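Q: Structure file work.txt (compact mmCIF, C-alpha atoms) right here:
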```txt
# COMPACT_ATOMS: atom_id res chain seq x y z
CA MET A 25 5.56 15.20 35.09
CA THR A 26 7.27 15.12 31.70
CA LYS A 27 5.15 14.19 28.72
CA ILE A 28 6.39 12.77 25.43
CA PHE A 29 5.00 13.98 22.10
CA ASP A 30 5.70 12.64 18.59
CA PHE A 31 7.50 15.03 16.30
CA PRO A 32 5.14 15.62 13.35
CA ALA A 33 5.87 14.30 9.86
CA LEU A 34 7.15 17.41 8.09
CA PRO A 35 9.33 17.80 4.98
CA ALA A 36 12.72 18.69 6.44
CA SER A 37 15.19 20.19 3.98
CA LYS A 38 18.11 19.04 6.10
CA CYS A 39 18.33 16.68 9.02
CA LEU A 40 21.29 16.18 11.31
CA PHE A 41 20.95 13.02 13.38
CA VAL A 42 24.24 11.89 14.92
CA PRO A 43 25.60 10.69 18.25
CA MET A 44 27.72 13.39 19.92
CA PHE A 45 30.74 12.19 21.85
CA ASN A 46 31.67 13.20 25.36
CA THR A 47 35.43 13.71 25.23
CA GLN A 48 37.84 16.30 26.53
CA ILE A 49 41.31 17.16 25.30
CA SER A 50 44.09 18.98 27.07
CA ARG A 51 47.34 19.79 25.33
CA SER A 52 50.71 20.38 26.93
CA ALA A 53 52.10 23.75 25.88
CA PHE A 54 55.58 22.42 26.56
CA SER A 55 55.67 19.12 24.68
CA GLY A 56 52.55 19.38 22.56
CA PHE A 57 51.34 16.12 24.09
CA ASP A 58 47.60 15.56 23.86
CA HIS A 59 45.80 13.99 26.75
CA VAL A 60 42.35 12.83 25.83
CA ILE A 61 39.65 11.85 28.28
CA GLU A 62 36.80 9.74 27.01
CA ASN A 63 33.69 9.83 29.15
CA PRO A 64 30.55 7.80 28.75
CA GLY A 65 27.38 9.57 27.77
CA GLU A 66 27.21 9.91 24.00
CA ARG A 67 23.90 11.45 23.10
CA TRP A 68 22.04 11.95 19.86
CA VAL A 69 21.97 15.50 18.61
CA ILE A 70 19.28 16.34 16.14
CA GLN A 71 18.83 19.38 13.97
CA TYR A 72 15.96 19.87 11.57
CA GLN A 73 16.02 22.60 8.95
CA PHE A 74 12.87 23.57 7.15
CA LYS A 75 13.39 25.83 4.15
CA VAL A 76 9.72 26.21 3.41
CA LEU A 77 6.64 25.09 5.31
CA THR A 78 3.07 25.76 4.29
CA ASN A 79 0.77 27.47 6.73
CA ALA A 80 -0.82 24.15 7.65
CA GLN A 81 2.57 22.55 8.24
CA GLY A 82 3.73 25.57 10.20
CA LYS A 83 0.68 25.31 12.39
CA LEU A 84 1.45 21.63 13.03
CA LEU A 85 5.01 22.53 14.00
CA LYS A 86 3.84 25.37 16.22
CA GLN A 87 1.46 23.06 17.98
CA HIS A 88 4.21 20.53 18.65
CA LEU A 89 6.57 23.19 19.96
CA SER A 90 3.91 24.63 22.21
CA GLN A 91 3.30 21.14 23.60
CA LEU A 92 7.01 20.85 24.37
CA ARG A 93 6.88 24.01 26.52
CA GLY A 94 10.51 24.83 25.85
CA SER A 95 12.69 22.12 27.31
CA VAL A 96 10.04 20.84 29.73
CA ASN A 97 8.41 18.08 27.72
CA GLN A 98 10.07 15.60 25.42
CA SER A 99 9.78 14.90 21.75
CA ARG A 100 10.02 11.51 20.02
CA LEU A 101 12.36 12.33 17.15
CA TYR A 102 13.16 10.50 13.94
CA ASP A 103 15.77 10.80 11.23
CA THR A 104 14.03 11.96 8.05
CA LYS A 105 16.87 10.59 5.93
CA PHE A 106 17.12 7.13 7.47
CA LYS A 107 14.85 4.98 5.36
CA THR A 108 16.60 1.60 5.02
CA GLN A 109 19.05 -0.62 6.86
CA ALA A 110 22.12 -1.80 4.94
CA GLY A 111 22.37 -5.10 6.81
CA THR A 112 19.82 -7.88 6.40
CA TRP A 113 18.63 -7.81 10.04
CA ALA A 114 17.21 -11.26 9.24
CA GLY A 115 16.05 -13.58 11.98
CA VAL A 116 14.84 -12.76 15.44
CA PRO A 117 17.86 -11.00 16.97
CA ARG A 118 17.96 -11.14 20.74
CA VAL A 119 20.32 -10.10 23.49
CA ALA A 120 22.50 -13.11 24.43
CA GLY A 121 23.28 -12.85 28.13
CA ALA A 122 22.36 -10.52 30.93
CA ASN A 123 24.40 -7.64 32.40
CA GLN A 124 25.96 -6.51 29.12
CA TYR A 125 27.08 -2.93 28.88
CA GLY A 126 29.43 -0.67 26.98
CA LEU A 127 29.97 -0.50 23.25
CA ILE A 128 29.54 -4.17 22.40
CA LEU A 129 26.59 -6.52 22.63
CA GLU A 130 26.50 -10.28 22.19
CA THR A 131 23.40 -11.32 20.30
CA ASP A 132 21.84 -14.49 18.88
CA GLY A 133 18.80 -15.57 16.89
CA TRP A 134 20.11 -14.25 13.57
CA ASN A 135 19.94 -16.05 10.27
CA ALA A 136 23.31 -17.73 9.80
CA ASN A 137 26.36 -16.47 7.92
CA GLN A 138 25.41 -13.09 6.61
CA LEU A 139 25.93 -9.40 7.06
CA VAL A 140 23.21 -8.91 9.60
CA ALA A 141 24.05 -5.37 10.69
CA ALA A 142 26.10 -3.00 8.59
CA ALA A 143 28.01 0.03 9.77
CA MET A 144 25.73 3.05 10.32
CA ASP A 145 22.66 0.85 10.69
CA ARG A 146 20.52 1.51 13.71
CA CYS A 147 18.46 -0.46 16.14
CA LEU A 148 16.62 -0.09 19.41
CA VAL A 149 17.92 -1.91 22.48
CA GLY A 150 15.26 -1.42 25.09
CA SER A 151 14.31 2.21 24.59
CA GLN A 152 17.79 3.36 23.56
CA LEU A 153 18.54 4.07 19.91
CA MET A 154 21.89 2.57 18.99
CA GLU A 155 24.12 3.16 15.98
CA ILE A 156 26.12 0.22 14.62
CA ASN A 157 29.77 1.14 14.31
CA GLU A 158 31.12 -1.60 12.03
CA ASP A 159 29.80 -4.42 9.86
CA CYS A 160 28.63 -7.37 11.92
CA HIS A 161 28.33 -10.87 10.42
CA SER A 162 26.43 -13.73 11.98
CA ASP A 163 28.19 -17.07 12.40
CA GLU A 164 26.82 -20.50 11.49
CA PHE A 165 24.91 -20.63 14.78
CA GLY A 166 23.26 -17.28 14.28
CA ASN A 167 25.38 -15.44 16.84
CA ALA A 168 26.81 -12.00 16.24
CA THR A 169 28.63 -9.34 18.21
CA LEU A 170 27.28 -5.85 17.60
CA ARG A 171 29.56 -2.85 18.00
CA PHE A 172 28.01 0.49 18.74
CA THR A 173 28.98 4.14 18.40
CA ASN A 174 27.03 5.16 21.48
CA GLU A 175 27.27 3.35 24.79
CA LEU A 176 24.54 1.10 26.10
CA ARG A 177 23.47 2.88 29.24
CA GLU A 178 21.34 0.30 30.96
CA PRO A 179 22.18 -3.39 30.65
CA PRO A 180 19.34 -4.98 28.65
CA SER A 181 17.75 -8.13 29.98
CA ASP A 182 18.68 -11.48 28.51
CA ASN A 183 16.74 -12.51 25.37
CA GLU A 184 15.38 -9.01 24.84
CA THR A 185 14.48 -8.55 21.18
CA LEU A 186 16.32 -5.95 19.12
CA ILE A 187 14.08 -3.67 17.11
CA SER A 188 15.29 -2.78 13.63
CA ASP A 189 12.08 -1.60 11.92
CA THR A 190 13.03 1.81 10.50
CA SER A 191 9.70 3.36 11.43
CA ALA A 192 10.40 2.55 15.09
CA LEU A 193 13.91 3.98 15.17
CA LYS A 194 13.28 7.09 17.19
CA THR A 195 14.96 8.72 20.11
CA ILE A 196 13.49 10.84 22.83
CA GLY A 197 14.95 14.28 23.14
CA ARG A 198 14.44 17.77 24.44
CA TRP A 199 14.37 21.02 22.57
CA SER A 200 17.77 22.45 23.48
CA LYS A 201 17.22 25.97 22.12
CA PRO A 202 13.69 27.11 22.90
CA GLU A 203 14.57 30.65 21.75
CA GLN A 204 14.28 29.27 18.20
CA ILE A 205 10.54 29.84 18.51
CA GLN A 206 11.30 33.35 17.27
CA GLN A 207 11.94 31.94 13.81
CA LEU A 208 8.29 31.07 13.37
CA SER A 209 7.32 34.32 11.75
CA GLY A 210 5.44 33.26 8.67
CA ASP A 211 3.95 35.52 6.03
CA ALA A 212 0.48 35.08 4.57
CA ARG A 213 1.35 31.84 2.79
CA VAL A 214 4.54 30.18 4.07
CA TYR A 215 7.07 29.86 6.87
CA ARG A 216 10.71 30.06 5.77
CA ASN A 217 14.10 29.02 7.15
CA ILE A 218 13.32 27.39 10.45
CA THR A 219 16.07 25.53 12.30
CA LEU A 220 15.31 23.46 15.38
CA ASP A 221 17.86 21.82 17.68
CA PHE A 222 17.22 18.86 19.92
CA GLU A 223 19.33 16.68 22.18
CA GLU A 224 18.64 13.19 23.38
CA SER A 225 17.49 13.15 26.98
CA PHE A 226 18.46 10.25 29.19
CA ALA A 227 15.50 10.45 31.52
CA MET B 1282 44.48 7.36 51.83
CA ILE B 1283 45.80 6.10 48.54
CA GLU B 1284 45.89 2.37 48.05
CA ARG B 1285 49.42 1.21 47.22
CA ALA B 1286 48.62 -2.23 45.86
CA VAL B 1287 47.80 -1.05 42.35
CA THR B 1288 48.20 -3.54 39.52
CA SER B 1289 50.41 -2.76 36.54
CA ALA B 1290 47.34 -2.93 34.29
CA MET B 1291 45.74 -0.21 36.37
CA ILE B 1292 48.87 1.94 36.29
CA GLN B 1293 48.95 1.63 32.50
CA ALA B 1294 45.26 2.50 32.29
CA ALA B 1295 45.73 5.53 34.54
CA LYS B 1296 48.54 6.87 32.37
CA ALA B 1297 46.94 6.03 29.03
CA THR B 1298 45.51 8.48 26.60
CA PRO B 1299 42.65 8.42 25.92
CA SER B 1300 41.94 7.84 29.57
CA ARG B 1301 38.76 6.03 30.43
CA LEU B 1302 38.50 6.17 34.18
CA LEU B 1303 35.46 6.36 36.36
CA ALA B 1304 35.11 6.79 40.10
CA PHE B 1305 32.96 4.29 41.96
CA PHE B 1306 31.81 5.19 45.46
CA GLU B 1307 30.22 3.27 48.29
CA LEU B 1308 28.58 5.19 51.12
CA ASP B 1309 27.22 3.50 54.20
CA PHE B 1310 24.09 5.43 55.08
CA PRO B 1311 21.98 4.34 58.07
CA SER B 1312 19.22 3.29 55.69
CA GLY B 1313 21.61 1.18 53.59
CA TRP B 1314 24.59 1.32 51.27
CA VAL B 1315 24.52 3.83 48.44
CA ARG B 1316 26.63 2.78 45.48
CA VAL B 1317 27.18 5.21 42.62
CA HIS B 1318 29.65 5.79 39.82
CA SER B 1319 30.56 8.77 37.68
CA GLY B 1320 29.38 7.19 34.42
CA LEU B 1321 25.91 6.32 33.20
CA GLY B 1322 23.68 3.36 33.79
CA THR B 1323 23.95 0.43 36.12
CA ARG B 1324 27.35 -1.26 36.31
CA ILE B 1325 28.39 -4.30 38.32
CA TYR B 1326 31.74 -3.99 40.08
CA ASN B 1327 33.13 -6.47 42.61
CA GLY B 1328 29.73 -8.11 42.75
CA GLU B 1329 27.92 -4.93 43.70
CA SER B 1330 25.57 -2.90 41.57
CA TYR B 1331 26.46 0.79 41.10
CA ILE B 1332 24.13 3.41 39.70
CA GLY B 1333 25.53 5.96 37.26
CA ILE B 1334 25.05 9.57 38.32
CA GLY B 1335 27.12 11.13 35.55
CA GLU B 1336 27.58 14.86 35.80
CA LEU B 1337 25.18 15.16 38.72
CA GLY B 1338 27.90 13.82 40.99
CA GLY B 1339 31.10 15.62 41.86
CA MET B 1340 34.23 15.02 43.85
CA GLY B 1341 36.71 17.48 45.35
CA THR B 1342 40.46 17.23 45.07
CA VAL B 1343 41.93 14.15 46.67
CA THR B 1344 45.08 15.03 48.59
CA GLU B 1345 47.65 13.09 50.52
CA ASN B 1346 50.41 14.09 52.91
CA ALA B 1347 53.25 12.47 54.74
CA SER B 1348 52.26 13.68 58.19
CA THR B 1349 49.61 12.31 60.48
CA SER B 1350 46.93 14.84 59.71
CA GLY B 1351 43.79 13.77 57.94
CA ASN B 1352 42.94 14.55 54.32
CA ARG B 1353 39.48 15.81 53.62
CA THR B 1354 37.56 16.00 50.41
CA THR B 1355 33.96 16.49 49.44
CA LEU B 1356 31.43 14.55 47.45
CA THR B 1357 28.53 16.42 45.91
CA LEU B 1358 25.29 15.35 44.36
CA LYS B 1359 22.94 17.68 42.52
CA VAL B 1360 19.36 16.82 43.21
CA THR B 1361 16.27 17.96 41.36
CA ASP B 1362 13.86 15.63 43.10
CA GLN B 1363 12.60 17.36 46.23
CA SER B 1364 11.36 14.13 47.80
CA LEU B 1365 14.87 12.72 47.65
CA LEU B 1366 16.11 15.80 49.44
CA ALA B 1367 13.72 15.23 52.32
CA GLU B 1368 14.88 11.64 52.53
CA ALA B 1369 18.52 12.69 52.66
CA MET B 1370 17.83 15.21 55.40
CA ASN B 1371 16.62 12.43 57.66
CA GLU B 1372 19.90 10.58 57.33
CA ASP B 1373 22.80 11.00 59.73
CA PRO B 1374 25.86 9.50 58.05
CA ASP B 1375 28.48 11.03 60.36
CA GLY B 1376 31.20 8.58 61.26
CA ARG B 1377 30.08 5.96 58.77
CA ASP B 1378 32.22 4.38 56.06
CA CYS B 1379 32.82 5.73 52.60
CA PHE B 1380 34.96 3.92 50.05
CA GLY B 1381 36.14 5.08 46.65
CA HIS B 1382 37.43 2.92 43.81
CA LEU B 1383 39.02 4.11 40.59
CA VAL B 1384 37.95 1.87 37.73
CA ALA B 1385 39.48 1.67 34.27
CA PHE B 1386 37.57 0.83 31.11
CA ASP B 1387 38.84 -0.44 27.76
CA GLU B 1388 37.93 0.84 24.30
CA ASP B 1389 34.71 -1.20 24.36
CA ARG B 1390 33.85 0.42 27.72
CA GLN B 1391 34.29 -2.86 29.53
CA ILE B 1392 35.80 -2.81 33.00
CA ILE B 1393 39.47 -3.84 32.84
CA ASP B 1394 40.72 -3.25 36.33
CA GLY B 1395 40.37 -1.02 39.34
CA ALA B 1396 42.34 0.58 42.14
CA ASP B 1397 40.10 -0.46 44.98
CA TYR B 1398 39.77 1.64 48.10
CA PHE B 1399 41.88 4.51 46.84
CA ILE B 1400 39.67 6.38 49.26
CA ASP B 1401 39.07 4.62 52.55
CA ALA B 1402 37.33 7.23 54.58
CA GLU B 1403 34.42 8.06 56.74
CA MET B 1404 31.74 10.66 56.32
CA VAL B 1405 32.26 13.50 58.76
CA ASP B 1406 29.72 16.05 57.63
CA MET B 1407 26.70 16.33 55.40
CA THR B 1408 25.14 19.61 54.37
CA ILE B 1409 22.18 20.08 52.12
CA LYS B 1410 21.78 23.28 50.15
CA ARG B 1411 18.29 23.93 48.96
CA GLY B 1412 18.08 24.85 45.30
CA LYS B 1413 15.62 27.06 43.53
CA GLN B 1414 13.39 25.03 41.32
CA SER B 1415 11.85 27.99 39.54
CA ALA B 1416 15.29 29.24 38.48
CA GLY B 1417 16.47 25.76 37.50
CA VAL B 1418 19.04 25.66 40.31
CA PRO B 1419 19.25 22.15 41.72
CA ALA B 1420 19.66 21.33 45.39
CA VAL B 1421 23.10 20.09 46.39
CA ILE B 1422 23.93 17.39 48.90
CA ASN B 1423 27.47 17.95 50.09
CA ILE B 1424 29.22 15.19 52.00
CA THR B 1425 32.61 15.82 53.57
CA ILE B 1426 34.72 12.72 53.92
CA ASN B 1427 37.98 12.24 55.73
CA ASP B 1428 40.52 9.48 55.85
CA TRP B 1429 41.19 7.52 59.01
CA LEU B 1430 44.07 9.76 60.11
CA GLU B 1431 41.65 12.37 61.37
CA ARG B 1432 39.99 9.82 63.60
CA TRP B 1433 43.42 8.72 64.78
CA ALA B 1434 44.36 12.30 65.64
CA GLN B 1435 41.34 12.74 67.85
CA PRO B 1436 41.74 12.18 71.61
CA VAL B 1437 40.70 8.66 72.44
CA GLU B 1438 38.23 9.75 75.07
CA ILE B 1439 37.94 12.73 77.33
CA ILE B 1440 38.24 11.15 80.75
CA LYS B 1441 37.57 13.23 83.81
CA THR B 1442 39.20 12.14 87.05
CA THR B 1443 36.08 12.66 89.07
CA ASP B 1444 34.03 10.17 90.99
CA GLN B 1445 30.99 10.93 88.86
CA ALA B 1446 32.83 10.14 85.63
CA GLN B 1447 34.36 7.00 87.16
CA GLN B 1448 30.95 5.78 88.34
CA PHE B 1449 29.63 6.29 84.82
CA LEU B 1450 32.44 4.28 83.27
CA HIS B 1451 32.91 1.70 86.04
CA PRO B 1452 29.96 1.65 88.44
CA GLY B 1453 30.99 0.84 91.98
CA ASP B 1454 34.67 1.68 91.57
CA ARG B 1455 35.62 4.18 94.27
CA PHE B 1456 39.11 5.02 93.05
CA PHE B 1457 38.33 8.70 92.58
CA ASP B 1458 35.80 9.15 95.39
CA LEU B 1459 38.08 11.43 97.43
CA VAL B 1460 39.29 13.56 94.57
CA GLU B 1461 36.81 16.32 95.11
CA ILE B 1462 37.44 16.40 98.85
CA ILE B 1463 41.18 16.57 98.30
CA ALA B 1464 40.79 19.26 95.67
CA GLY B 1465 38.74 21.35 98.06
CA SER B 1466 41.13 21.06 101.05
CA PRO B 1467 43.94 23.49 101.97
CA LEU B 1468 47.36 22.26 100.92
CA SER B 1469 48.73 22.17 104.51
CA SER B 1470 46.23 19.55 105.56
CA LEU B 1471 47.25 17.07 102.90
CA PRO B 1472 49.69 14.26 103.34
CA VAL B 1473 52.91 15.02 101.48
CA LYS B 1474 55.22 12.60 99.85
CA THR B 1475 58.93 13.23 99.54
CA ASN B 1476 61.69 11.44 97.78
CA TYR B 1477 63.66 10.79 100.98
CA GLY B 1478 61.94 7.65 102.10
CA THR B 1479 59.52 9.44 104.39
CA THR B 1480 55.81 9.36 104.06
CA SER B 1481 54.94 12.54 105.90
CA THR B 1482 56.39 15.41 107.87
CA ARG B 1483 55.01 17.45 110.68
CA THR B 1484 56.28 20.22 112.88
CA THR B 1485 56.81 19.55 116.61
CA LYS B 1486 56.17 22.01 119.39
CA THR B 1487 59.85 22.83 119.58
CA GLY B 1488 59.89 23.80 115.99
CA ARG B 1489 62.11 20.91 114.98
CA TYR B 1490 61.26 18.40 112.43
CA ALA B 1491 60.49 14.97 113.77
CA ARG B 1492 60.47 11.80 111.77
```
Go through the file and emit its structure as structure tokens.
A:
Amino acid sequence: MTKIFDFPALPASKCLFVPMFNTQISRSAFSGFDHVIENPGERWVIQYQFKVLTNAQGKLLKQHLSQLRGSVNQSRLYDTKFKTQAGTWAGVPRVAGANQYGLILETDGWNANQLVAAAMDRCLVGSQLMEINEDCHSDEFGNATLRFTNELREPPSDNETLISDTSALKTIGRWSKPEQIQQLSGDARVYRNITLDFEESFA
Amino acid sequence: MIERAVTSAMIQAAKATPSRLLAFFELDFPSGWVRVHSGLGTRIYNGESYIGIGELGGMGTVTENASTSGNRTTLTLKVTDQSLLAEAMNEDPDGRDCFGHLVAFDEDRQIIDGADYFIDAEMVDMTIKRGKQSAGVPAVINITINDWLERWAQPVEIIKTTDQAQQFLHPGDRFFDLVEIIAGSPLSSLPVKTNYGTTSTRTTKTGRYAR
């Protein structure tokens, strides 16, 4: 049974938090022609870098990593740099219509005629963290079509509310390189230069 | 068996780069239809709901030939859930239908079109290889499928010309009831047919043939 633990609030020096694409390319040696295959299954990749952590912070991190037991348990991860949305996200945005899938989502319930979701904004649809790919404006009826970078895996139910509160924008991932535990060799006062890699897990 | 009635939109999608194609499969197991696709999440296609198995599913090379011999390929599913494995082991899908559809998606990952039934086959074998959970090796369900030409190439039925077999097929019919007696008799005692309008020959005491 997999358990989910919250990643602790620690001062990350750098944070990578991007959707990774699932594409393949093969090139003809004869004509130089590129054939690209685009598969579904974009997943968030997350990397935290901690230049310096105090002993207390290091202990907190150690505790979290020990709870993860390598890649066994999951961590609820957040982007330390993502503090505000660029769009207004005003209104009560909801999914408009059942059985929607792919990179677009019809929504309603927005305040009319405004930039409701800007490119690189994020929201939660169900439990999946989505990244908005281009600016989305609501029409006079409060409808808008959202375009995503990562694909909606499971069709959300009709009228499901979109969550845009930045404190809730987290994704669930696994620790992809458990050997990084070897970096946790602190001296008497601090831990230095720790890098941790995670990947979104689908289940 | 490759479906020939492919729309021009599907041909364009199959040749396009980037290519966004997914395989959708339907398998008729005794406990019910299993519908899966090679992407992620639930997708509705032709009114049926398919579950995405992503990289856990695999498909062998699909071949075709101009002769009348069947073309086999394999479908694989990696399984980490041991209870599912036990469930699969109780299934006997041999001889049941298996259909494959190739489905094209557009840049918004919406279904554009599909080449339906590009595989119209039946399941002919299912093997289950137990994994090793401690080493992170998943179990593998391996299903061999074959197009209808293999079934066509099989003998229709092995019919024995014995009374026992005839009674089994058509109780009461005595067409073959003397076969075993005839088979066990010496050749000289049997009536002989010729092509000269006679029904039988026998030797007279004088050694001449009488008609």
Q: Output as a list of chain:residue names the set of chain A residues within 7 Å of chain B, with distances taken over all atoms listed in the file.
A: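 Result, ordered by chain then number: A:His59, A:Val60, A:Ile61, A:Glu62, A:Asn63, A:Pro64, A:Gly65, A:Gly126, A:Leu127, A:Ile128, A:Arg177, A:Glu178, A:Pro179.
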Q: Residues at most 12 Å from A:Arg93, counting only C-alpha atoms, excluding those fewer than 6 positions away in the same chain, as a VMD selection string?
A: chain A and resid 26 to 29 86 to 87 99 198 to 203 205
Q: Report the distance between atom CA of A:Phe41 and atom CA of A:Thr169 in Å, rounded to one decimal place.
A: 24.1 Å
Q: As a ChimeraX atom specification, please: the residues near stretch 145-159 of chain A (cut-off 10 Å, only C-alpha atoms, same-chain neighbours under 4 positions excluded).
A: /A:42-43,67-68,106,108-111,113,118-119,127-129,139-141,169-181,184-190,192-196,224,226
Q: Do a neighbour search on B:Ala1369 at 12 Å with only C-alpha atoms, toss out local chain neighbours closer than 2 positions, and write the hits as a count of residues only.
A: 27
